[in-house]
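Shown next: protein01.cif, given as mmCIF, C-alpha atoms and all ligand atoms.
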data_coords
#
loop_
_atom_site.label_atom_id
_atom_site.label_comp_id
_atom_site.auth_asym_id
_atom_site.auth_seq_id
_atom_site.Cartn_x
_atom_site.Cartn_y
_atom_site.Cartn_z
CA MET V 187 119.39 117.81 114.69
CA LYS V 188 122.71 117.21 112.93
CA VAL V 189 122.64 113.70 111.54
CA LEU V 190 125.41 111.68 109.92
CA VAL V 191 123.96 109.33 107.31
CA THR V 192 126.27 106.46 106.36
CA GLY V 193 125.36 104.99 102.99
CA GLY V 194 123.32 108.13 102.33
CA ALA V 195 123.96 107.97 98.56
CA GLY V 196 122.19 104.60 98.39
CA TYR V 197 118.56 103.74 97.80
CA ILE V 198 117.02 104.03 101.27
CA GLY V 199 119.62 106.51 102.52
CA SER V 200 118.93 109.05 99.77
CA HIS V 201 115.17 108.97 100.44
CA THR V 202 115.80 109.38 104.16
CA CYS V 203 118.08 112.37 103.51
CA VAL V 204 115.25 114.11 101.61
CA GLN V 205 112.99 113.72 104.64
CA LEU V 206 115.67 114.82 107.12
CA LEU V 207 116.25 117.99 105.10
CA ASP V 208 112.51 118.57 104.58
CA ALA V 209 112.02 118.33 108.35
CA GLY V 210 114.67 121.01 108.89
CA HIS V 211 117.47 118.74 110.13
CA GLN V 212 121.03 119.03 108.91
CA ALA V 213 122.30 115.86 107.26
CA VAL V 214 125.80 114.87 106.15
CA VAL V 215 126.50 111.82 103.99
CA VAL V 216 129.45 109.47 104.09
CA ASP V 217 129.49 106.79 101.42
CA ASN V 218 132.27 104.97 99.55
CA LEU V 219 130.02 104.80 96.46
CA CYS V 220 130.62 101.05 96.06
CA ASN V 221 126.93 100.65 95.14
CA SER V 222 125.76 104.18 94.43
CA SER V 223 126.47 107.46 92.72
CA GLU V 224 127.19 110.95 94.03
CA GLU V 225 124.54 112.12 91.57
CA ALA V 226 121.92 110.80 94.05
CA VAL V 227 123.21 113.27 96.66
CA ARG V 228 122.95 116.16 94.19
CA ARG V 229 119.39 115.16 93.31
CA VAL V 230 118.43 115.01 96.99
CA GLU V 231 119.71 118.58 97.31
CA SER V 232 117.59 119.63 94.39
CA ILE V 233 114.41 117.93 95.71
CA ALA V 234 114.84 119.40 99.19
CA SER V 235 116.32 122.76 98.07
CA ALA V 236 118.92 122.37 100.81
CA SER V 237 122.56 121.49 101.00
CA LEU V 238 123.70 117.93 101.71
CA PRO V 239 127.45 117.75 102.36
CA PHE V 240 128.99 114.56 100.96
CA HIS V 241 132.22 112.84 101.98
CA LYS V 242 133.55 109.89 100.03
CA VAL V 243 134.72 107.80 102.96
CA ASP V 244 134.69 104.08 103.68
CA ILE V 245 133.22 103.43 107.12
CA ARG V 246 136.04 100.97 107.80
CA ASP V 247 138.49 103.89 107.56
CA ASN V 248 138.78 105.15 111.15
CA ASP V 249 140.89 108.21 110.27
CA GLY V 250 138.66 109.18 107.35
CA LEU V 251 135.55 108.98 109.54
CA ALA V 252 137.27 110.84 112.39
CA LYS V 253 138.01 113.74 110.02
CA VAL V 254 134.31 113.98 109.15
CA PHE V 255 133.35 113.96 112.84
CA ASP V 256 135.91 116.75 113.42
CA GLN V 257 134.02 118.97 110.99
CA TYR V 258 130.50 118.60 112.40
CA ASP V 259 128.85 118.38 115.78
CA PHE V 260 126.62 115.34 115.18
CA ASP V 261 123.72 114.44 117.47
CA SER V 262 122.92 111.11 115.83
CA VAL V 263 123.94 108.65 113.15
CA ILE V 264 121.69 106.71 110.78
CA HIS V 265 123.73 103.76 109.59
CA PHE V 266 122.70 102.43 106.17
CA ALA V 267 126.16 101.64 104.78
CA GLY V 268 126.51 97.95 104.04
CA LEU V 269 126.53 95.30 101.36
CA LYS V 270 123.15 93.66 100.79
CA ALA V 271 123.19 91.00 98.06
CA VAL V 272 122.37 87.61 99.57
CA GLY V 273 123.90 85.52 96.75
CA GLU V 274 127.09 87.56 96.70
CA SER V 275 127.36 87.19 100.47
CA VAL V 276 127.45 83.40 100.09
CA ALA V 277 130.25 83.64 97.50
CA LYS V 278 132.20 86.40 99.29
CA SER V 279 131.43 85.90 102.97
CA LEU V 280 134.61 87.48 104.33
CA MET V 281 133.97 90.64 102.31
CA TYR V 282 130.45 90.84 103.81
CA TYR V 283 131.63 90.34 107.38
CA GLN V 284 134.44 92.85 106.94
CA ASN V 285 132.20 95.46 105.40
CA ASN V 286 129.05 95.04 107.49
CA ILE V 287 130.58 94.11 110.85
CA GLN V 288 134.01 95.74 110.80
CA GLY V 289 132.43 98.84 109.27
CA THR V 290 129.91 99.08 112.11
CA LEU V 291 132.58 98.51 114.78
CA THR V 292 134.75 101.27 113.34
CA LEU V 293 131.76 103.61 113.10
CA CYS V 294 130.87 102.94 116.77
CA ASP V 295 134.50 103.54 117.83
CA VAL V 296 134.58 106.91 116.10
CA MET V 297 131.14 107.82 117.45
CA ALA V 298 132.23 106.99 121.01
CA ALA V 299 135.45 108.98 120.60
CA ASN V 300 133.30 111.96 119.63
CA ASN V 301 130.71 111.45 122.35
CA VAL V 302 127.93 110.62 119.87
CA HIS V 303 125.75 107.78 121.20
CA ASN V 304 122.50 107.86 119.19
CA LEU V 305 122.42 105.27 116.43
CA VAL V 306 119.72 104.03 114.06
CA PHE V 307 120.72 100.77 112.37
CA SER V 308 119.35 99.21 109.15
CA SER V 309 118.47 95.67 110.04
CA SER V 310 116.27 93.37 108.02
CA ALA V 311 113.35 90.96 108.24
CA THR V 312 115.88 88.35 107.11
CA VAL V 313 116.87 88.04 110.82
CA TYR V 314 113.64 86.06 111.36
CA GLY V 315 114.86 83.28 109.03
CA ASP V 316 111.89 81.13 108.02
CA PRO V 317 109.27 82.18 110.59
CA ALA V 318 106.94 79.50 111.97
CA THR V 319 103.93 81.84 111.66
CA VAL V 320 102.99 85.23 110.21
CA PRO V 321 102.55 88.11 110.88
CA ILE V 322 106.03 88.39 112.39
CA LYS V 323 106.46 90.10 115.74
CA GLU V 324 109.71 91.56 117.03
CA ASP V 325 110.05 88.88 119.73
CA PHE V 326 109.98 85.96 117.26
CA PRO V 327 113.06 83.66 117.25
CA LEU V 328 115.98 84.96 115.19
CA SER V 329 118.18 83.02 112.79
CA ALA V 330 120.18 83.43 109.62
CA THR V 331 120.64 81.29 106.55
CA ASN V 332 123.37 83.24 104.73
CA PRO V 333 126.30 85.56 105.57
CA TYR V 334 124.31 88.72 104.73
CA GLY V 335 121.55 87.81 107.20
CA ARG V 336 124.11 86.65 109.74
CA SER V 337 125.94 89.98 109.48
CA LYS V 338 122.68 91.80 110.33
CA LEU V 339 121.98 89.43 113.23
CA MET V 340 125.54 89.77 114.55
CA VAL V 341 125.44 93.57 114.36
CA GLU V 342 122.12 93.60 116.23
CA GLU V 343 123.71 91.49 118.98
CA ILE V 344 126.86 93.62 119.06
CA LEU V 345 124.79 96.78 119.42
CA ARG V 346 122.69 95.27 122.23
CA ASP V 347 125.92 94.28 124.04
CA LEU V 348 127.26 97.77 123.50
CA HIS V 349 124.28 99.27 125.29
CA VAL V 350 124.71 96.83 128.19
CA SER V 351 128.38 97.71 128.63
CA GLU V 352 127.88 101.43 127.97
CA PRO V 353 124.31 102.51 128.80
CA ALA V 354 124.93 105.95 127.29
CA TRP V 355 124.22 104.36 123.90
CA ASN V 356 120.72 104.78 122.45
CA ILE V 357 120.09 102.43 119.58
CA ALA V 358 117.17 101.72 117.26
CA LEU V 359 117.33 98.44 115.35
CA LEU V 360 114.94 98.80 112.41
CA ARG V 361 113.98 95.59 110.65
CA TYR V 362 112.92 96.47 107.14
CA PHE V 363 110.55 94.28 105.17
CA ASN V 364 110.68 94.75 101.34
CA PRO V 365 111.38 98.38 100.37
CA VAL V 366 110.16 99.31 96.87
CA GLY V 367 109.09 102.41 94.96
CA ALA V 368 110.80 105.75 94.69
CA HIS V 369 110.40 109.41 95.56
CA ALA V 370 107.24 110.82 93.95
CA SER V 371 109.36 113.19 91.81
CA GLY V 372 110.87 110.18 90.00
CA THR V 373 114.33 111.75 90.32
CA ILE V 374 115.78 109.38 92.93
CA GLY V 375 115.20 105.65 93.16
CA GLU V 376 116.73 102.21 93.30
CA ASP V 377 119.66 101.85 90.90
CA PRO V 378 121.02 98.30 90.88
CA SER V 379 124.51 98.25 89.36
CA ASP V 380 123.95 94.87 87.72
CA ILE V 381 120.98 92.65 86.84
CA PRO V 382 118.56 93.24 89.74
CA ASN V 383 118.22 90.55 92.41
CA ASN V 384 115.00 92.05 93.74
CA LEU V 385 111.54 91.69 92.29
CA MET V 386 110.42 95.28 91.78
CA PRO V 387 113.50 96.64 89.95
CA PHE V 388 113.44 93.48 87.82
CA ILE V 389 109.81 94.06 86.84
CA SER V 390 110.56 97.72 86.04
CA GLN V 391 113.53 96.80 83.87
CA VAL V 392 111.45 94.30 81.89
CA ALA V 393 108.80 96.99 81.39
CA VAL V 394 111.37 99.52 80.17
CA GLY V 395 112.81 96.96 77.72
CA LYS V 396 116.18 96.39 79.39
CA LEU V 397 115.40 92.79 80.35
CA GLU V 398 113.42 90.26 78.35
CA LYS V 399 111.22 88.62 80.96
CA LEU V 400 110.77 88.10 84.66
CA SER V 401 111.55 84.69 86.10
CA VAL V 402 108.98 83.97 88.79
CA PHE V 403 110.83 81.81 91.31
CA GLY V 404 108.35 79.02 92.02
CA ASN V 405 104.56 78.71 91.96
CA ASP V 406 104.31 75.75 94.30
CA TYR V 407 104.59 77.55 97.64
CA PRO V 408 101.77 77.13 100.17
CA THR V 409 100.38 80.59 99.33
CA PRO V 410 97.08 81.61 97.64
CA ASP V 411 98.56 81.62 94.11
CA GLY V 412 101.65 79.51 94.82
CA THR V 413 104.16 82.38 94.47
CA GLY V 414 106.11 83.92 97.33
CA VAL V 415 104.36 86.45 99.57
CA ARG V 416 106.18 89.51 100.96
CA ASP V 417 105.45 92.74 102.81
CA TYR V 418 106.34 95.44 100.25
CA ILE V 419 106.74 98.88 101.77
CA HIS V 420 107.12 102.21 99.98
CA VAL V 421 110.66 103.53 100.49
CA ASP V 422 109.29 106.92 101.59
CA ASP V 423 107.24 105.28 104.34
CA LEU V 424 110.36 103.38 105.38
CA ALA V 425 112.42 106.58 105.34
CA ASN V 426 109.88 108.27 107.59
CA GLY V 427 110.33 105.48 110.15
CA HIS V 428 113.94 106.62 110.61
CA LEU V 429 112.88 110.13 111.57
CA LYS V 430 110.40 108.71 114.06
CA ALA V 431 113.12 106.44 115.48
CA LEU V 432 115.47 109.42 115.94
CA GLU V 433 112.71 111.26 117.83
CA ARG V 434 112.11 108.22 120.01
CA LEU V 435 115.80 107.94 120.94
CA GLN V 436 115.80 111.57 122.04
CA ALA V 437 112.64 111.19 124.13
CA GLN V 438 113.23 107.74 125.60
CA PRO V 439 116.80 106.47 125.58
CA GLY V 440 117.72 102.77 125.40
CA VAL V 441 117.73 100.01 122.78
CA VAL V 442 114.57 99.52 120.73
CA THR V 443 113.70 97.14 117.91
CA TYR V 444 110.93 97.72 115.39
CA ASN V 445 109.53 96.01 112.33
CA LEU V 446 109.02 98.49 109.51
CA GLY V 447 106.49 96.92 107.19
CA THR V 448 102.88 97.49 106.16
CA GLY V 449 101.50 94.32 107.73
CA ASN V 450 100.13 93.19 104.33
CA GLY V 451 101.39 90.33 102.19
CA TYR V 452 101.39 90.41 98.39
CA SER V 453 102.46 87.59 96.07
CA VAL V 454 104.84 87.91 93.13
CA LEU V 455 101.88 87.68 90.75
CA ASP V 456 99.92 90.28 92.78
CA MET V 457 102.82 92.72 92.34
CA LEU V 458 103.14 91.92 88.65
CA LYS V 459 99.42 92.52 88.08
CA ALA V 460 99.39 95.71 90.14
CA PHE V 461 102.33 97.00 88.08
CA GLU V 462 100.65 96.19 84.77
CA GLN V 463 97.38 97.76 85.84
CA GLU V 464 98.89 100.93 87.20
CA THR V 465 101.40 101.54 84.38
CA GLY V 466 99.58 100.04 81.39
CA LYS V 467 102.80 98.17 80.51
CA SER V 468 102.76 94.43 80.05
CA VAL V 469 105.51 92.42 81.69
CA ALA V 470 106.53 89.09 80.18
CA TYR V 471 107.21 86.36 82.70
CA GLU V 472 107.79 82.65 83.07
CA ILE V 473 107.51 80.38 86.07
CA VAL V 474 110.87 78.80 86.93
CA ALA V 475 112.21 76.75 89.84
CA ARG V 476 112.26 78.15 93.37
CA ARG V 477 115.27 80.31 94.24
CA PRO V 478 117.36 78.50 96.88
CA GLY V 479 116.97 80.06 100.32
CA ASP V 480 113.63 81.78 99.57
CA ILE V 481 110.77 81.34 102.02
CA ALA V 482 107.06 81.12 101.23
CA THR V 483 105.60 83.97 103.23
CA CYS V 484 106.95 86.93 105.15
CA TYR V 485 104.99 89.89 106.48
CA ALA V 486 105.20 92.09 109.52
CA ASP V 487 103.17 92.75 112.56
CA ALA V 488 104.00 96.46 112.56
CA SER V 489 101.85 97.36 115.56
CA LEU V 490 104.78 98.02 117.92
CA ALA V 491 106.14 100.77 115.66
CA LYS V 492 102.66 102.23 115.46
CA LYS V 493 102.24 102.17 119.23
CA GLU V 494 105.70 103.37 120.27
CA LEU V 495 106.87 105.48 117.32
CA GLY V 496 103.50 106.74 116.13
CA TRP V 497 104.59 105.47 112.71
CA GLN V 498 102.70 103.50 110.11
CA ALA V 499 102.95 103.05 106.36
CA THR V 500 100.54 105.28 104.45
CA ARG V 501 101.25 104.36 100.82
CA ASN V 502 99.58 101.42 99.08
CA VAL V 503 100.75 99.00 96.41
CA GLU V 504 99.46 101.26 93.61
CA ASP V 505 101.65 104.10 94.96
CA MET V 506 104.62 101.73 95.14
CA VAL V 507 104.40 100.44 91.55
CA ARG V 508 103.52 103.88 90.10
CA ASP V 509 106.52 105.53 91.74
CA ALA V 510 108.85 102.65 90.87
CA TRP V 511 107.81 103.05 87.23
CA LYS V 512 108.11 106.83 87.26
CA TRP V 513 111.72 106.53 88.42
CA GLN V 514 112.53 103.70 85.97
CA SER V 515 110.89 105.31 82.94
CA GLN V 516 112.46 108.74 83.62
CA ASN V 517 115.87 107.18 84.33
CA PRO V 518 116.15 104.04 82.18
CA ASN V 519 119.86 103.83 83.00
CA GLY V 520 119.55 104.89 86.62
CA TYR V 521 122.01 107.63 87.58
CA ARG V 522 124.38 106.72 84.71
P1 LIG V 601 122.26 100.54 98.83
O1 LIG V 601 123.32 99.61 98.37
O2 LIG V 601 121.52 101.32 97.84
O3 LIG V 601 122.87 101.57 99.92
C1 LIG V 601 123.95 101.21 100.75
C2 LIG V 601 124.99 102.30 100.60
O4 LIG V 601 126.10 102.01 101.45
C3 LIG V 601 125.53 102.40 99.17
O5 LIG V 601 125.46 103.74 98.75
C4 LIG V 601 126.98 101.93 99.29
O6 LIG V 601 127.82 102.60 98.37
C5 LIG V 601 127.30 102.28 100.73
N1 LIG V 601 128.35 101.47 101.36
C6 LIG V 601 128.45 100.12 101.40
N2 LIG V 601 129.56 99.76 102.08
C7 LIG V 601 130.14 100.91 102.50
C8 LIG V 601 131.31 101.19 103.25
N3 LIG V 601 132.10 100.21 103.71
N4 LIG V 601 131.61 102.48 103.51
C9 LIG V 601 130.83 103.49 103.06
N5 LIG V 601 129.72 103.28 102.32
C10 LIG V 601 129.39 102.00 102.05
O7 LIG V 601 121.27 99.69 99.76
P2 LIG V 601 119.88 100.09 100.41
O8 LIG V 601 118.85 99.26 99.78
O9 LIG V 601 119.75 101.55 100.46
O10 LIG V 601 120.11 99.51 101.88
C11 LIG V 601 120.53 100.31 102.96
C12 LIG V 601 120.69 99.43 104.17
O11 LIG V 601 119.46 98.78 104.45
C13 LIG V 601 121.72 98.31 104.01
O12 LIG V 601 122.42 98.16 105.23
C14 LIG V 601 120.88 97.10 103.73
O13 LIG V 601 121.49 95.91 104.14
C15 LIG V 601 119.64 97.39 104.56
N6 LIG V 601 118.43 96.71 104.07
C16 LIG V 601 118.05 96.87 102.77
C17 LIG V 601 116.93 96.19 102.29
C18 LIG V 601 116.51 96.32 100.85
O14 LIG V 601 115.77 95.46 100.38
N7 LIG V 601 116.91 97.34 100.10
C19 LIG V 601 116.19 95.37 103.16
C20 LIG V 601 116.60 95.25 104.48
C21 LIG V 601 117.74 95.93 104.93
N1 LIG V 602 111.28 87.03 92.94
C1 LIG V 602 110.99 86.46 91.72
N2 LIG V 602 111.77 86.82 90.65
C2 LIG V 602 112.81 87.70 90.75
C3 LIG V 602 113.09 88.27 92.02
C4 LIG V 602 112.32 87.90 93.09
O1 LIG V 602 110.08 85.68 91.59
O2 LIG V 602 113.51 87.96 89.75
C5 LIG V 602 110.44 86.69 94.11
C6 LIG V 602 111.19 86.03 95.26
O3 LIG V 602 111.22 84.63 95.07
C7 LIG V 602 110.35 86.47 96.47
C8 LIG V 602 109.84 87.85 96.07
O4 LIG V 602 109.93 87.91 94.64
O5 LIG V 602 109.22 85.62 96.63
C9 LIG V 602 110.67 89.00 96.66
O6 LIG V 602 112.04 88.78 96.36
P1 LIG V 602 113.14 89.90 96.59
O7 LIG V 602 114.45 89.33 96.10
O8 LIG V 602 112.69 91.18 95.99
O9 LIG V 602 113.15 90.10 98.16
P2 LIG V 602 113.44 89.06 99.35
O10 LIG V 602 112.12 88.92 100.07
O11 LIG V 602 113.94 87.79 98.79
O12 LIG V 602 114.45 89.76 100.18
#
As structure tokens, the full file:
Amino acid sequence: MKVLVTGGAGYIGSHTCVQLLDAGHQAVVVDNLCNSSEEAVRRVESIASASLPFHKVDIRDNDGLAKVFDQYDFDSVIHFAGLKAVGESVAKSLMYYQNNIQGTLTLCDVMAANNVHNLVFSSSATVYGDPATVPIKEDFPLSATNPYGRSKLMVEEILRDLHVSEPAWNIALLRYFNPVGAHASGTIGEDPSDIPNNLMPFISQVAVGKLEKLSVFGNDYPTPDGTGVRDYIHVDDLANGHLKALERLQAQPGVVTYNLGTGNGYSVLDMLKAFEQETGKSVAYEIVARRPGDIATCYADASLAKKELGWQATRNVEDMVRDAWKWQSQNPNGYR
């Protein structure tokens, strides 16, 4: 298959490109590099020993995208490009809606103009809001508490409408739980441009000496140790879900929605301890107030993806923390 990967220089996109190339597909990346580096694309080429054409294009730029589509005969698009920081989305909501929604609309316009109708979209478990129960199934009620989450929810709805009005579209909405870890080579990984918002890169940066200590956001949640519980999933397992989704769209057209998680919940302190045990590094931390907007517990029922995609996560928490550390320790300053 020839696959356009928007946001392919980013964290999840770069890992997915490795697997596309390893599986013998041709991949092409468009990315405006607003949160990534072209170096990631070069490293993917070196891991996969294959070429990965890169075009620095903003997905809101119709003409720029159209020029890329003129050069290749794409079968499918995996659409990662988007802004993802919850706090920033509250402060800069218009920027988030323009980027995440306008960007997707422009991408779909250019796809339609080029007769490309297979799309895999990066959604998020955030579309479940604060679920009444866990594990979370795909048919649970959806809601959003911030502009980032709302942009994901709106794009899901737009894409479902698109299939209703034009049934030629085949769309997979993949709801990611908490991607962590890095490629086993340690040469590509998550490279936050600023102080990390997410737990795992924060822990890694404390361990490598870039940050002083982890703030654990609350220990008074109704969870076994009082800290927040999440479904951490190795980024390479997540990446593999995209290949399975592409196969599914070829075999059985339509709109499908899948949770991509492990089905297991780990607390903040579980992750901290697993990291210390696996790496031998100690990580200083203090308990601070809850982070506004955080929920107590979130983990997937991932049985639908297993049943319909033949996909399930295979890597455990030890793999996740070991690979996160390998990337961080080999690249203390990320791609810079
Ligand atoms: P990332 O920031 O590493 O990758 C996103 C990429 O998109 C970056 O390389 C960025 O430069 C690019 N990009 C952003 N806006 C663009 C635009 N207008 N035009 C072209 N390129 C643009 O993030 P990631 O963690 O790899 O996430 C990929 C996708 O998955 C995002 O849509 C994100 O919302 C979604 N997601 C991520 C998580 C997570 O925890 N990492 C969880 C759920 C969903
Ligand atoms: N967390 C924390 N300290 C941090 C970052 C995160 O205690 O510096 C906690 C957060 O409260 C949540 C879990 O770690 O319980 C995962 O947070 P993250 O931001 O990685 O992902 P989220 O589930 O919020 O998208």
Checklist line | Contacts with ligand LIG 602 (chain V) at most 7 Å, only C-alpha atoms and all ligand atoms counted, listed as a ChimeraX atom specification | finding: /V:364,383-386,388,400-404,413-416,454,476-477,480,482
Item checked: Residue contacts of segment 510-514 of chain V (8 Å, all atoms listed in the file) excluding same-chain residues fewer than 2 positions away, as a ChimeraX atom specification -> /V:366-375,386-387,390-391,394,465,506-508,516-520
Notebook entry, point to check: Within 12 Å of Lys459 of chain V, counting all atoms listed in the file, which residues qualify if same-chain residues fewer than 3 places away don't, as a PyMOL selection string?
Noted result: chain V and resi 386+389+452-456+462-471+503-504+507
Checklist line | Environment of ligand LIG 601 (chain V) within 7 Å, counting all atoms listed in the file, reported as an MDAnalysis selection string | finding: chainID V and resid 192:199 216:222 243:246 266:270 285 289 308:311 361:365 376
Item checked: Residues near Leu207 of chain V, cut-off 7 Å, all atoms listed in the file, skip fewer than 5 positions along chain, as a count of residues only -> 4
Output requested as a CSV table (one decimal), in the frame of the given file - segment 188-205 of chain V, filled out with N, CA and C atoms.
chain,number,residue,atom,x,y,z
V,188,LYS,N,121.7,117.4,113.9
V,188,LYS,CA,122.7,117.2,112.9
V,188,LYS,C,122.9,115.7,112.8
V,189,VAL,N,122.7,115.2,111.7
V,189,VAL,CA,122.6,113.7,111.5
V,189,VAL,C,123.7,113.2,110.5
V,190,LEU,N,124.5,112.3,110.9
V,190,LEU,CA,125.4,111.7,109.9
V,190,LEU,C,124.7,110.5,109.3
V,191,VAL,N,124.6,110.4,108.0
V,191,VAL,CA,124.0,109.3,107.3
V,191,VAL,C,125.0,108.5,106.6
V,192,THR,N,125.3,107.3,107.1
V,192,THR,CA,126.3,106.5,106.4
V,192,THR,C,125.5,105.7,105.3
V,193,GLY,N,126.1,105.6,104.1
V,193,GLY,CA,125.4,105.0,103.0
V,193,GLY,C,124.2,105.9,102.5
V,194,GLY,N,124.4,107.2,102.7
V,194,GLY,CA,123.3,108.1,102.3
V,194,GLY,C,123.2,108.4,100.8
V,195,ALA,N,124.1,107.9,100.0
V,195,ALA,CA,124.0,108.0,98.6
V,195,ALA,C,123.2,106.8,98.0
V,196,GLY,N,122.9,105.8,98.8
V,196,GLY,CA,122.2,104.6,98.4
V,196,GLY,C,120.7,104.8,98.3
V,197,TYR,N,120.0,103.7,98.0
V,197,TYR,CA,118.6,103.7,97.8
V,197,TYR,C,117.8,104.3,99.0
V,198,ILE,N,117.8,103.6,100.1
V,198,ILE,CA,117.0,104.0,101.3
V,198,ILE,C,117.6,105.3,101.9
V,199,GLY,N,119.0,105.4,101.9
V,199,GLY,CA,119.6,106.5,102.5
V,199,GLY,C,119.3,107.8,101.8
V,200,SER,N,119.2,107.8,100.5
V,200,SER,CA,118.9,109.0,99.8
V,200,SER,C,117.5,109.5,100.1
V,201,HIS,N,116.6,108.6,100.1
V,201,HIS,CA,115.2,109.0,100.4
V,201,HIS,C,115.1,109.5,101.9
V,202,THR,N,115.8,108.9,102.8
V,202,THR,CA,115.8,109.4,104.2
V,202,THR,C,116.4,110.8,104.3
V,203,CYS,N,117.5,111.0,103.5
V,203,CYS,CA,118.1,112.4,103.5
V,203,CYS,C,117.1,113.4,103.1
V,204,VAL,N,116.3,113.1,102.0
V,204,VAL,CA,115.2,114.1,101.6
V,204,VAL,C,114.4,114.5,102.8
V,205,GLN,N,113.9,113.4,103.5
V,205,GLN,CA,113.0,113.7,104.6
V,205,GLN,C,113.7,114.4,105.8
